4 protein chains.
Amino acid sequence: MGQLQRTIHEKLDPSDRSGPISRGLDLFLIALIAINVAAVILETVDSIETRFRMAFWVIEVISVAVFSVEYAARVWASPEDPEFRDRKHPRLAYMTSPLAIIDLVAILPFYLGFLVDMDLRFLRVLRLLRILKLTRYSPAMSMLLDVFREEANAFLAGFFILIVLLVLAASGAYLAEHQVQPEKFGSIPEAMWWAMATLTTVGYGDVVPITAAGQIFGSLVGVVGIGMAALPAGILASGLADLLRRRRAALTKQLRIALEDGVIDADEEQELEAMRRELGLSKRIAEEIRADVQKSRSDNLVGQCPHCGRNLN
Amino acid sequence: MGQLQRTIHEKLDPSDRSGPISRGLDLFLIALIAINVAAVILETVDSIETRFRMAFWVIEVISVAVFSVEYAARVWASPEDPEFRDRKHPRLAYMTSPLAIIDLVAILPFYLGFLVDMDLRFLRVLRLLRILKLTRYSPAMSMLLDVFREEANAFLAGFFILIVLLVLAASGAYLAEHQVQPEKFGSIPEAMWWAMATLTTVGYGDVVPITAAGQIFGSLVGVVGIGMAALPAGILASGLADLLRRRRAALTKQLRIALEDGVIDADEEQELEAMRRELGLSKRIAEEIRADVQKSRSDNLVGQCPHCGRNLN
Amino acid sequence: MGQLQRTIHEKLDPSDRSGPISRGLDLFLIALIAINVAAVILETVDSIETRFRMAFWVIEVISVAVFSVEYAARVWASPEDPEFRDRKHPRLAYMTSPLAIIDLVAILPFYLGFLVDMDLRFLRVLRLLRILKLTRYSPAMSMLLDVFREEANAFLAGFFILIVLLVLAASGAYLAEHQVQPEKFGSIPEAMWWAMATLTTVGYGDVVPITAAGQIFGSLVGVVGIGMAALPAGILASGLADLLRRRRAALTKQLRIALEDGVIDADEEQELEAMRRELGLSKRIAEEIRADVQKSRSDNLVGQCPHCGRNLN
Amino acid sequence: MGQLQRTIHEKLDPSDRSGPISRGLDLFLIALIAINVAAVILETVDSIETRFRMAFWVIEVISVAVFSVEYAARVWASPEDPEFRDRKHPRLAYMTSPLAIIDLVAILPFYLGFLVDMDLRFLRVLRLLRILKLTRYSPAMSMLLDVFREEANAFLAGFFILIVLLVLAASGAYLAEHQVQPEKFGSIPEAMWWAMATLTTVGYGDVVPITAAGQIFGSLVGVVGIGMAALPAGILASGLADLLRRRRAALTKQLRIALEDGVIDADEEQELEAMRRELGLSKRIAEEIRADVQKSRSDNLVGQCPHCGRNLN
């Protein structure tokens, strides 16, 4: 029993790509998700829908069956997951984790269709959330998500600034334009559509100030908009650089521990490679780090400044 | 008397979240501001305004009453504030600080309505500036504002460049287009509306060059525009990275002082946590710094480069 | 034979600009590419095409002749290239390298025109890919391409996020707008055109949501769009900064090796200059590095921190 | 004579703000430039021009007189400038420097109006280039310009990429759309207007692809466009961070030299302040650097890592 659980957990874990079974399972699930998303998208085209209704139905039933089995298997095997193993209710803990909720959302619309009397079109489109299931298989994306999480406070502050600017921009445009264009700037909520299009520098042009005061104010909002658009870029750039620096430091530390006995054996090699992958560092950077560490050892020096290459004694 | 003053100051200070009273007061004031802003926004929708006129009036009177009391209390208790305590006229110094001016602006429109005969709609919308009162409660935003302040010179230079480019872009488009589209590019001030929309890459499309010369020049302005939009992003990214580095250095220093006697007692722990919060550093980063500092102590080494993990002897 | 091969390789290699022959050859090829690209562009203007049809034909025949000889010469001389010298089939290895494929693509459309019965206009425009031949001659661009390659994983993850957001944005807009604007948001594939214009903040304005739900959702997509646009900026900024740091470290190392005997002779000087060029570092930065290294030597110190100027002993 | 020359040079040099005369002269010239630019802009508004023609003429004559005297004085006093003092022909060297050319361009249109028979409107607008005279007075802008100069190679490479992308985007859109919209995508040069609007994410919306192929291709160009817009942001961010780091290192070095005798006397203080201003560093950063340097001295240590605060021994 426990053996089966362990096997299922191993085969379903995308970070473990050792065997051909888990590799095949991964590819099969990724393909199924892609086919599903394509089907939901094409289903909204009337001409295609009428012609392939039957095929779409078959795809849907098979997918939901597979995803349901997958969900059940993941929940059942979750006590094997090192992340949830030591929790009081490991299955419950797993079921409330983001990835498990995405998996549930992927199959729920199908069952809901039988139970509740909802707008069918809405339920169908909800199935598109299945695309989020793919996040599990992109190791590089974890780094971007980590930066988002780490800089969450800064992003939230940026969002708060955006809301404040939105309110102020919309009210200014409302004051300047509501008498000349009452159908477009008739109230502050209406003016917000223009304010958002300008602050995000999208600028559709369907709503545009025409008074001199409105255009001067609109220009100011546009300038503030490029500052606004700069915020996430600045936060991300600084966050990514910081994360990269720390990940590199972590790999260097590990390498120095591995080298303490003078040689890196096969086990250590594998461990370092796994760490490199997990940290999302490129092979080239890993090689540079290794060359640095080895040189500093052969020089019998305590260290070498990573910035300028000079020896620190 | 001094005791009451101290208590009021403590309860109103959002950085001190120890007691349930100040916590409750914070939440109450934040909710009141949010309700207020929503009311002013909805009031501009005619159908809502006619139906809920009475409710809006009640919200307004209560809010102004509360905000007036809050303002008076803050001014009265300001001699307790460590920032103003040692000034000659602490209350006057407080009253001229940005946060106090925002508080005053939040209540002034109400009283002005009785005194001066101004456009009512304008006065009403002015109340939206109350949203700025929220800045007091966002600790993470202080970091962004600090970067803006520190890089103020660079931003000003960027703004100056923008003005120069605006003038040159508008005059070029005027030369190329004023004969073909006299109603849109009839003078340089008119052409500035197009120039702003292009330099900020908003691009509404209500005013567009149609001559070959105008389109070539417009393309150049567009290219310059993406460079222009890059300026604040670049300044912010470099400024944020720098601020983060310095804040981390400050926390590390404090940690080393706290660790000089070998242990971190409860007092020091609290101090470090307060510092971490004030600096807006995430818990994860603080833990990394602590692990680094402690490891370097246990190794009996002077230090270890945080960038590469090598020992600095 | 081997001598001729070597000479041809040297003359065609843009990184070797010692002799007047290779310099002249470079300029001739660059000019020919530029003339070609201009010709293809102008050929699509009907009035110009009818007037200069003969001239365009002559340019085309001469160019293809030259480019064909160039391609043949490069393939023949490729065993001299240090990059391919040690491969089993050096010519085959060269022929499958990106630069060689671009060279082939530049001449193929001409010969294909005789063999296959394709749309002539399409074949003509394909010749514009000759502009990619210019990449060979821009040493500074190699740095940007290196950053793209090194950060490829991050860019791919960003592209994946964009696809997910595109699907979600289009389906949301479809749900909100398909009943009111069936001709513009009639299906999810149709709604994708709006979603792309908004996520990239281009915002043409030809398709715009008009329902309240659609505009609120559209505003959210716009905000996500500025975050999306920030991703490549953040990745590039962090990648460029990292690359620059590492290149500078490499030059410093080389300089210290050259200085070990106390003097930099003419050979070492030339080597350092070649390295500086290859790394794309400016002369000013190279001089700063040299001043730093020399000062630290004259101080009889192990080094000096390049960040703060303090001596590291 | 030499004395007068020296005095004039000192009074006109904006970096020397010691005396009230040069300060007043600066303010007078800045005001005159601003008035001039405003006059040229307003002159293009017909109603204003007819009413104030006389005033505009007086402003013009006075300004040209002052700017001519200023130009002559600067050229005459240029042998006193340390930058040009040691050149063979100091006045000629100064006259070909960018700032002197801007000064000449500011007065030339007036004199040209008498000599050549040119379009008057064009000559008038040319006077707007006088706004560039202001660059002399913005010390903070010099930092941004330095970054642009230092990263010129990267920016040039980015511009080259833009040209290549422009050609490819325009030709793709031409192929997809020229049959359906011959009046907008009739030739590649015409299609370039759309390509520029999309690559710079301006997106006017006056020209928009309507075929499925054109919209898919247009979406790709939009995605490439946000990458394109990211390039200058990334280059600037990395360049600014680097410049800041190096400037800080320079100030630290200077401070350590000044502190070698243990005290900083009034002369050294002034020198350091002048250096801080020239480098465009904020007072707060300068104080932090000083605190760091002094602490490391009082600890009798060789240095302290500026990143983590640990002592480097």
# chains A, B, ... in the order shown; residues from 1 in each chain; ligands from 1
$ interface_residues --of "chain A" --to "chain D" --cutoff "10 Å" --atoms "only C-alpha atoms" --output "ChimeraX atom specification"
/A:201-205,230,233-234,237-238,312-313
$ closest_residue --among "B:Arg121, B:Leu259, B:Ala229, B:Arg51" --to "Gln179 in chain A" --atoms "only C-alpha atoms"
B:Arg121
$ residues_around --residues "Val224 in chain B" --least-positions-apart "5" --cutoff "12 Å" --atoms "only C-alpha atoms" --output "list in words"
Ile161, Leu162, Val164, Leu165, Leu166, Leu168, Ala169, Ala195, Met196, Thr198, Leu199, Thr200, Thr201, Phe217, Gly218, Ser219, Ala229, Ala230 and Leu231 of chain B; Phe155, Phe159, Met196, Thr200, Val202, Ala229 and Pro232 of chain D
$ atom_distance --atom1 "CA of Pro82 in chain C" --atom2 "CA of Thr252 in chain C"
25.0 Å
$ residues_around --residues "range 133-138 of chain C" --least-positions-apart "4" --cutoff "8 Å" --atoms "only C-alpha atoms" --output "ChimeraX atom specification"
/C:14,26,30,33,99,102-103,106,129,142 /D:157
$ write_last_selection --atoms "N, CA, C and O atoms" --output "PDB file, in the first residue's frame"
ATOM      1  N   PRO C  14      35.090  39.146 -40.097  1.00  0.00           N
ATOM      2  CA  PRO C  14      34.947  40.559 -39.736  1.00  0.00           C
ATOM      3  C   PRO C  14      35.665  40.933 -38.437  1.00  0.00           C
ATOM      4  O   PRO C  14      35.927  42.104 -38.198  1.00  0.00           O
ATOM      5  N   ASP C  26      34.666  43.969 -46.180  1.00  0.00           N
ATOM      6  CA  ASP C  26      33.567  44.181 -45.235  1.00  0.00           C
ATOM      7  C   ASP C  26      32.662  45.302 -45.705  1.00  0.00           C
ATOM      8  O   ASP C  26      31.437  45.143 -45.790  1.00  0.00           O
ATOM      9  N   ILE C  30      28.748  45.067 -46.752  1.00  0.00           N
ATOM     10  CA  ILE C  30      27.731  45.814 -45.995  1.00  0.00           C
ATOM     11  C   ILE C  30      26.950  46.720 -46.951  1.00  0.00           C
ATOM     12  O   ILE C  30      25.716  46.782 -46.910  1.00  0.00           O
ATOM     13  N   ILE C  33      24.555  44.705 -49.105  1.00  0.00           N
ATOM     14  CA  ILE C  33      23.360  44.284 -48.359  1.00  0.00           C
ATOM     15  C   ILE C  33      22.391  45.458 -48.230  1.00  0.00           C
ATOM     16  O   ILE C  33      21.187  45.319 -48.450  1.00  0.00           O
ATOM     17  N   LEU C  99      24.696  31.605 -38.675  1.00  0.00           N
ATOM     18  CA  LEU C  99      25.147  32.601 -39.648  1.00  0.00           C
ATOM     19  C   LEU C  99      25.156  32.035 -41.063  1.00  0.00           C
ATOM     20  O   LEU C  99      24.809  32.716 -42.027  1.00  0.00           O
ATOM     21  N   ILE C 102      21.621  31.850 -42.432  1.00  0.00           N
ATOM     22  CA  ILE C 102      21.177  33.172 -42.893  1.00  0.00           C
ATOM     23  C   ILE C 102      21.752  33.455 -44.279  1.00  0.00           C
ATOM     24  O   ILE C 102      21.055  33.948 -45.170  1.00  0.00           O
ATOM     25  N   ASP C 103      23.036  33.132 -44.471  1.00  0.00           N
ATOM     26  CA  ASP C 103      23.665  33.368 -45.781  1.00  0.00           C
ATOM     27  C   ASP C 103      22.963  32.573 -46.883  1.00  0.00           C
ATOM     28  O   ASP C 103      22.784  33.057 -47.997  1.00  0.00           O
ATOM     29  N   ALA C 106      19.638  33.989 -47.816  1.00  0.00           N
ATOM     30  CA  ALA C 106      19.753  35.232 -48.574  1.00  0.00           C
ATOM     31  C   ALA C 106      19.797  34.987 -50.083  1.00  0.00           C
ATOM     32  O   ALA C 106      19.401  35.847 -50.861  1.00  0.00           O
ATOM     33  N   LEU C 129      15.190  39.072 -45.892  1.00  0.00           N
ATOM     34  CA  LEU C 129      15.909  38.388 -44.808  1.00  0.00           C
ATOM     35  C   LEU C 129      17.421  38.592 -44.949  1.00  0.00           C
ATOM     36  O   LEU C 129      18.172  38.331 -44.005  1.00  0.00           O
ATOM     37  N   SER C 142      26.488  41.484 -30.365  1.00  0.00           N
ATOM     38  CA  SER C 142      26.750  40.151 -29.819  1.00  0.00           C
ATOM     39  C   SER C 142      26.477  40.127 -28.319  1.00  0.00           C
ATOM     40  O   SER C 142      26.022  39.126 -27.772  1.00  0.00           O
TER      41      SER C 142
ATOM     42  N   ALA D 157      23.386  49.294 -31.018  1.00  0.00           N
ATOM     43  CA  ALA D 157      23.001  47.933 -31.361  1.00  0.00           C
ATOM     44  C   ALA D 157      21.483  47.786 -31.256  1.00  0.00           C
ATOM     45  O   ALA D 157      20.844  47.159 -32.108  1.00  0.00           O
TER      46      ALA D 157
END
$ residues_around --residues "Tyr71 in chain D" --least-positions-apart "4" --cutoff "8 Å" --atoms "only C-alpha atoms" --output "list in words"
Phe67, Val75, Ala100, Asp103 and Leu104 of chain D
$ write_last_selection --atoms "C-alpha atoms" --output "mmCIF file, in the first residue's frame"
data_model
loop_
_atom_site.group_PDB
_atom_site.id
_atom_site.type_symbol
_atom_site.label_atom_id
_atom_site.label_comp_id
_atom_site.auth_asym_id
_atom_site.auth_seq_id
_atom_site.Cartn_x
_atom_site.Cartn_y
_atom_site.Cartn_z
ATOM 1 C CA PHE D 67 22.818 85.621 -27.148
ATOM 2 C CA VAL D 75 34.435 82.238 -27.639
ATOM 3 C CA ALA D 100 29.188 76.143 -28.617
ATOM 4 C CA ASP D 103 24.847 78.517 -28.943
ATOM 5 C CA LEU D 104 25.559 79.283 -32.584
#
$ atom_distance --atom1 "CA of Asp242 in chain B" --atom2 "CA of Ala241 in chain A"
11.4 Å
$ residues_around --residues "Arg53 in chain A" --least-positions-apart "5" --cutoff "12 Å" --atoms "only C-alpha atoms" --output "PDB file with C-alpha atoms, in the first residue's frame"
ATOM      1  CA  ALA A  39     -10.773  22.687 -27.942  1.00  0.00           C
ATOM      2  CA  VAL A  40     -12.393  25.194 -25.570  1.00  0.00           C
ATOM      3  CA  LEU A  42     -12.218  26.634 -30.968  1.00  0.00           C
ATOM      4  CA  GLU A  43     -15.597  25.656 -29.515  1.00  0.00           C
ATOM      5  CA  THR A  44     -16.483  29.349 -29.273  1.00  0.00           C
ATOM      6  CA  VAL A  45     -16.228  29.668 -33.072  1.00  0.00           C
ATOM      7  CA  ASP A  46     -19.770  28.844 -34.195  1.00  0.00           C
ATOM      8  CA  SER A  47     -18.879  27.264 -37.537  1.00  0.00           C
ATOM      9  CA  ILE A  48     -16.350  24.921 -35.924  1.00  0.00           C
ATOM     10  CA  VAL A  58     -15.461  13.175 -26.504  1.00  0.00           C
ATOM     11  CA  ILE A  59     -12.356  15.248 -25.730  1.00  0.00           C
ATOM     12  CA  GLU A  60     -14.131  16.796 -22.770  1.00  0.00           C
TER      13      GLU A  60
END
$ residues_around --residues "Gly2 in chain C" --least-positions-apart "2" --cutoff "12 Å" --atoms "only C-alpha atoms" --output "number ranges by chain"
C: 4-9, 76-80
$ write_last_selection --atoms "N, CA, C and O atoms" --output "PDB file, in the first residue's frame"
ATOM      1  N   LEU C   4      45.655  29.292 -49.414  1.00  0.00           N
ATOM      2  CA  LEU C   4      44.554  30.064 -50.002  1.00  0.00           C
ATOM      3  C   LEU C   4      43.333  30.029 -49.073  1.00  0.00           C
ATOM      4  O   LEU C   4      42.708  31.056 -48.797  1.00  0.00           O
ATOM      5  N   GLN C   5      43.059  28.807 -48.566  1.00  0.00           N
ATOM      6  CA  GLN C   5      41.940  28.653 -47.635  1.00  0.00           C
ATOM      7  C   GLN C   5      42.099  29.589 -46.435  1.00  0.00           C
ATOM      8  O   GLN C   5      41.160  30.268 -46.040  1.00  0.00           O
ATOM      9  N   ARG C   6      43.331  29.591 -45.892  1.00  0.00           N
ATOM     10  CA  ARG C   6      43.591  30.422 -44.715  1.00  0.00           C
ATOM     11  C   ARG C   6      43.395  31.899 -45.050  1.00  0.00           C
ATOM     12  O   ARG C   6      42.774  32.646 -44.319  1.00  0.00           O
ATOM     13  N   THR C   7      43.938  32.301 -46.197  1.00  0.00           N
ATOM     14  CA  THR C   7      43.829  33.707 -46.596  1.00  0.00           C
ATOM     15  C   THR C   7      42.360  34.107 -46.750  1.00  0.00           C
ATOM     16  O   THR C   7      41.924  35.141 -46.254  1.00  0.00           O
ATOM     17  N   ILE C   8      41.607  33.273 -47.436  1.00  0.00           N
ATOM     18  CA  ILE C   8      40.190  33.606 -47.645  1.00  0.00           C
ATOM     19  C   ILE C   8      39.461  33.700 -46.312  1.00  0.00           C
ATOM     20  O   ILE C   8      38.697  34.647 -46.062  1.00  0.00           O
ATOM     21  N   HIS C   9      39.738  32.748 -45.423  1.00  0.00           N
ATOM     22  CA  HIS C   9      39.080  32.797 -44.128  1.00  0.00           C
ATOM     23  C   HIS C   9      39.398  34.096 -43.393  1.00  0.00           C
ATOM     24  O   HIS C   9      38.525  34.748 -42.841  1.00  0.00           O
ATOM     25  N   TRP C  76      33.843  26.782 -48.047  1.00  0.00           N
ATOM     26  CA  TRP C  76      35.096  26.130 -48.408  1.00  0.00           C
ATOM     27  C   TRP C  76      36.187  26.415 -47.373  1.00  0.00           C
ATOM     28  O   TRP C  76      36.964  25.539 -47.004  1.00  0.00           O
ATOM     29  N   ALA C  77      36.221  27.679 -46.875  1.00  0.00           N
ATOM     30  CA  ALA C  77      37.275  28.067 -45.940  1.00  0.00           C
ATOM     31  C   ALA C  77      36.943  27.718 -44.498  1.00  0.00           C
ATOM     32  O   ALA C  77      37.755  27.935 -43.600  1.00  0.00           O
ATOM     33  N   SER C  78      35.753  27.187 -44.252  1.00  0.00           N
ATOM     34  CA  SER C  78      35.330  27.004 -42.848  1.00  0.00           C
ATOM     35  C   SER C  78      36.242  26.061 -42.060  1.00  0.00           C
ATOM     36  O   SER C  78      36.354  26.209 -40.849  1.00  0.00           O
ATOM     37  N   PRO C  79      36.947  25.074 -42.668  1.00  0.00           N
ATOM     38  CA  PRO C  79      37.851  24.258 -41.838  1.00  0.00           C
ATOM     39  C   PRO C  79      38.956  25.075 -41.175  1.00  0.00           C
ATOM     40  O   PRO C  79      39.629  24.585 -40.273  1.00  0.00           O
ATOM     41  N   GLU C  80      39.169  26.330 -41.618  1.00  0.00           N
ATOM     42  CA  GLU C  80      40.161  27.195 -40.982  1.00  0.00           C
ATOM     43  C   GLU C  80      39.605  27.879 -39.742  1.00  0.00           C
ATOM     44  O   GLU C  80      40.351  28.445 -38.953  1.00  0.00           O
TER      45      GLU C  80
END
$ select_by_dssp --residues "range 86-289 of chain D" --states "helix (DSSP H, G or I)" --output "JSON, numbers by chain"
{"D": [90, 91, 92, 93, 94, 95, 98, 99, 100, 101, 102, 103, 104, 105, 106, 107, 108, 109, 110, 111, 112, 113, 114, 115, 120, 121, 122, 123, 124, 125, 126, 127, 128, 129, 130, 131, 132, 133, 134, 135, 136, 137, 139, 140, 141, 142, 143, 144, 145, 146, 147, 148, 149, 150, 152, 153, 154, 155, 156, 157, 158, 159, 160, 161, 162, 163, 164, 165, 166, 167, 168, 169, 170, 171, 172, 173, 174, 175, 176, 177, 182, 183, 184, 185, 188, 189, 190, 191, 192, 193, 194, 195, 196, 197, 198, 199, 212, 213, 214, 215, 216, 217, 218, 219, 220, 221, 222, 223, 224, 225, 226, 227, 228, 229, 230, 231, 232, 233, 234, 235, 236, 237, 238, 239, 240, 241, 242, 243, 244, 245, 246, 247, 248, 249, 250, 251, 252, 253, 254, 255, 256, 257, 258, 259, 260, 261, 266, 267, 268, 269, 270, 271, 272, 273, 274, 275, 276, 277, 278, 279, 283, 284, 285, 286, 287, 288, 289]}
$ decode --residues "range 142-163 of chain C" --atoms "N, CA, C and O atoms" --output "short mmCIF file (atom, residue, chain, number, x, y, z; two decimals), in the first residue's frame"
data_model
loop_
_atom_site.label_atom_id
_atom_site.label_comp_id
_atom_site.auth_asym_id
_atom_site.auth_seq_id
_atom_site.Cartn_x
_atom_site.Cartn_y
_atom_site.Cartn_z
N SER C 142 26.49 41.48 -30.36
CA SER C 142 26.75 40.15 -29.82
C SER C 142 26.48 40.13 -28.32
O SER C 142 26.02 39.13 -27.77
N MET C 143 26.75 41.26 -27.63
CA MET C 143 26.51 41.31 -26.20
C MET C 143 25.02 41.16 -25.90
O MET C 143 24.62 40.36 -25.06
N LEU C 144 24.20 41.92 -26.65
CA LEU C 144 22.75 41.83 -26.44
C LEU C 144 22.26 40.41 -26.72
O LEU C 144 21.46 39.85 -25.96
N LEU C 145 22.76 39.81 -27.81
CA LEU C 145 22.33 38.46 -28.15
C LEU C 145 22.79 37.46 -27.07
O LEU C 145 22.07 36.52 -26.75
N ASP C 146 23.99 37.70 -26.51
CA ASP C 146 24.46 36.84 -25.43
C ASP C 146 23.51 36.89 -24.24
O ASP C 146 23.19 35.85 -23.64
N VAL C 147 23.07 38.10 -23.89
CA VAL C 147 22.14 38.22 -22.76
C VAL C 147 20.85 37.47 -23.07
O VAL C 147 20.33 36.74 -22.23
N PHE C 148 20.36 37.62 -24.32
CA PHE C 148 19.13 36.92 -24.70
C PHE C 148 19.33 35.41 -24.54
O PHE C 148 18.47 34.71 -24.02
N ARG C 149 20.50 34.91 -25.00
CA ARG C 149 20.75 33.48 -24.95
C ARG C 149 20.84 33.01 -23.48
O ARG C 149 20.23 32.01 -23.11
N GLU C 150 21.59 33.78 -22.69
CA GLU C 150 21.79 33.37 -21.30
C GLU C 150 20.49 33.39 -20.51
O GLU C 150 20.24 32.56 -19.65
N GLU C 151 19.65 34.37 -20.81
CA GLU C 151 18.40 34.49 -20.08
C GLU C 151 17.25 33.82 -20.84
O GLU C 151 16.07 34.11 -20.56
N ALA C 152 17.61 32.94 -21.79
CA ALA C 152 16.58 32.32 -22.63
C ALA C 152 15.48 31.67 -21.80
O ALA C 152 14.29 31.80 -22.11
N ASN C 153 15.89 30.98 -20.72
CA ASN C 153 14.89 30.32 -19.89
C ASN C 153 13.88 31.30 -19.31
O ASN C 153 12.68 31.07 -19.33
N ALA C 154 14.40 32.42 -18.81
CA ALA C 154 13.51 33.42 -18.23
C ALA C 154 12.59 34.00 -19.30
O ALA C 154 11.39 34.21 -19.06
N PHE C 155 13.14 34.27 -20.50
CA PHE C 155 12.31 34.82 -21.57
C PHE C 155 11.24 33.81 -21.98
O PHE C 155 10.09 34.18 -22.21
N LEU C 156 11.61 32.53 -22.06
CA LEU C 156 10.64 31.51 -22.40
C LEU C 156 9.52 31.45 -21.37
O LEU C 156 8.34 31.37 -21.72
N ALA C 157 9.90 31.50 -20.10
CA ALA C 157 8.89 31.49 -19.04
C ALA C 157 7.98 32.70 -19.20
O ALA C 157 6.76 32.61 -19.03
N GLY C 158 8.59 33.87 -19.52
CA GLY C 158 7.79 35.07 -19.75
C GLY C 158 6.82 34.88 -20.91
O GLY C 158 5.66 35.30 -20.84
N PHE C 159 7.30 34.23 -21.98
CA PHE C 159 6.44 33.99 -23.14
C PHE C 159 5.29 33.05 -22.76
O PHE C 159 4.15 33.25 -23.18
N PHE C 160 5.59 32.05 -21.96
CA PHE C 160 4.56 31.13 -21.50
C PHE C 160 3.49 31.87 -20.67
O PHE C 160 2.29 31.68 -20.86
N ILE C 161 3.96 32.75 -19.77
CA ILE C 161 3.01 33.56 -18.99
C ILE C 161 2.14 34.39 -19.93
O ILE C 161 0.93 34.51 -19.74
N LEU C 162 2.77 34.95 -20.98
CA LEU C 162 2.02 35.76 -21.93
C LEU C 162 0.91 34.94 -22.60
O LEU C 162 -0.23 35.41 -22.74
N ILE C 163 1.23 33.69 -22.99
CA ILE C 163 0.23 32.84 -23.65
C ILE C 163 -0.94 32.57 -22.69
O ILE C 163 -2.12 32.69 -23.07
#
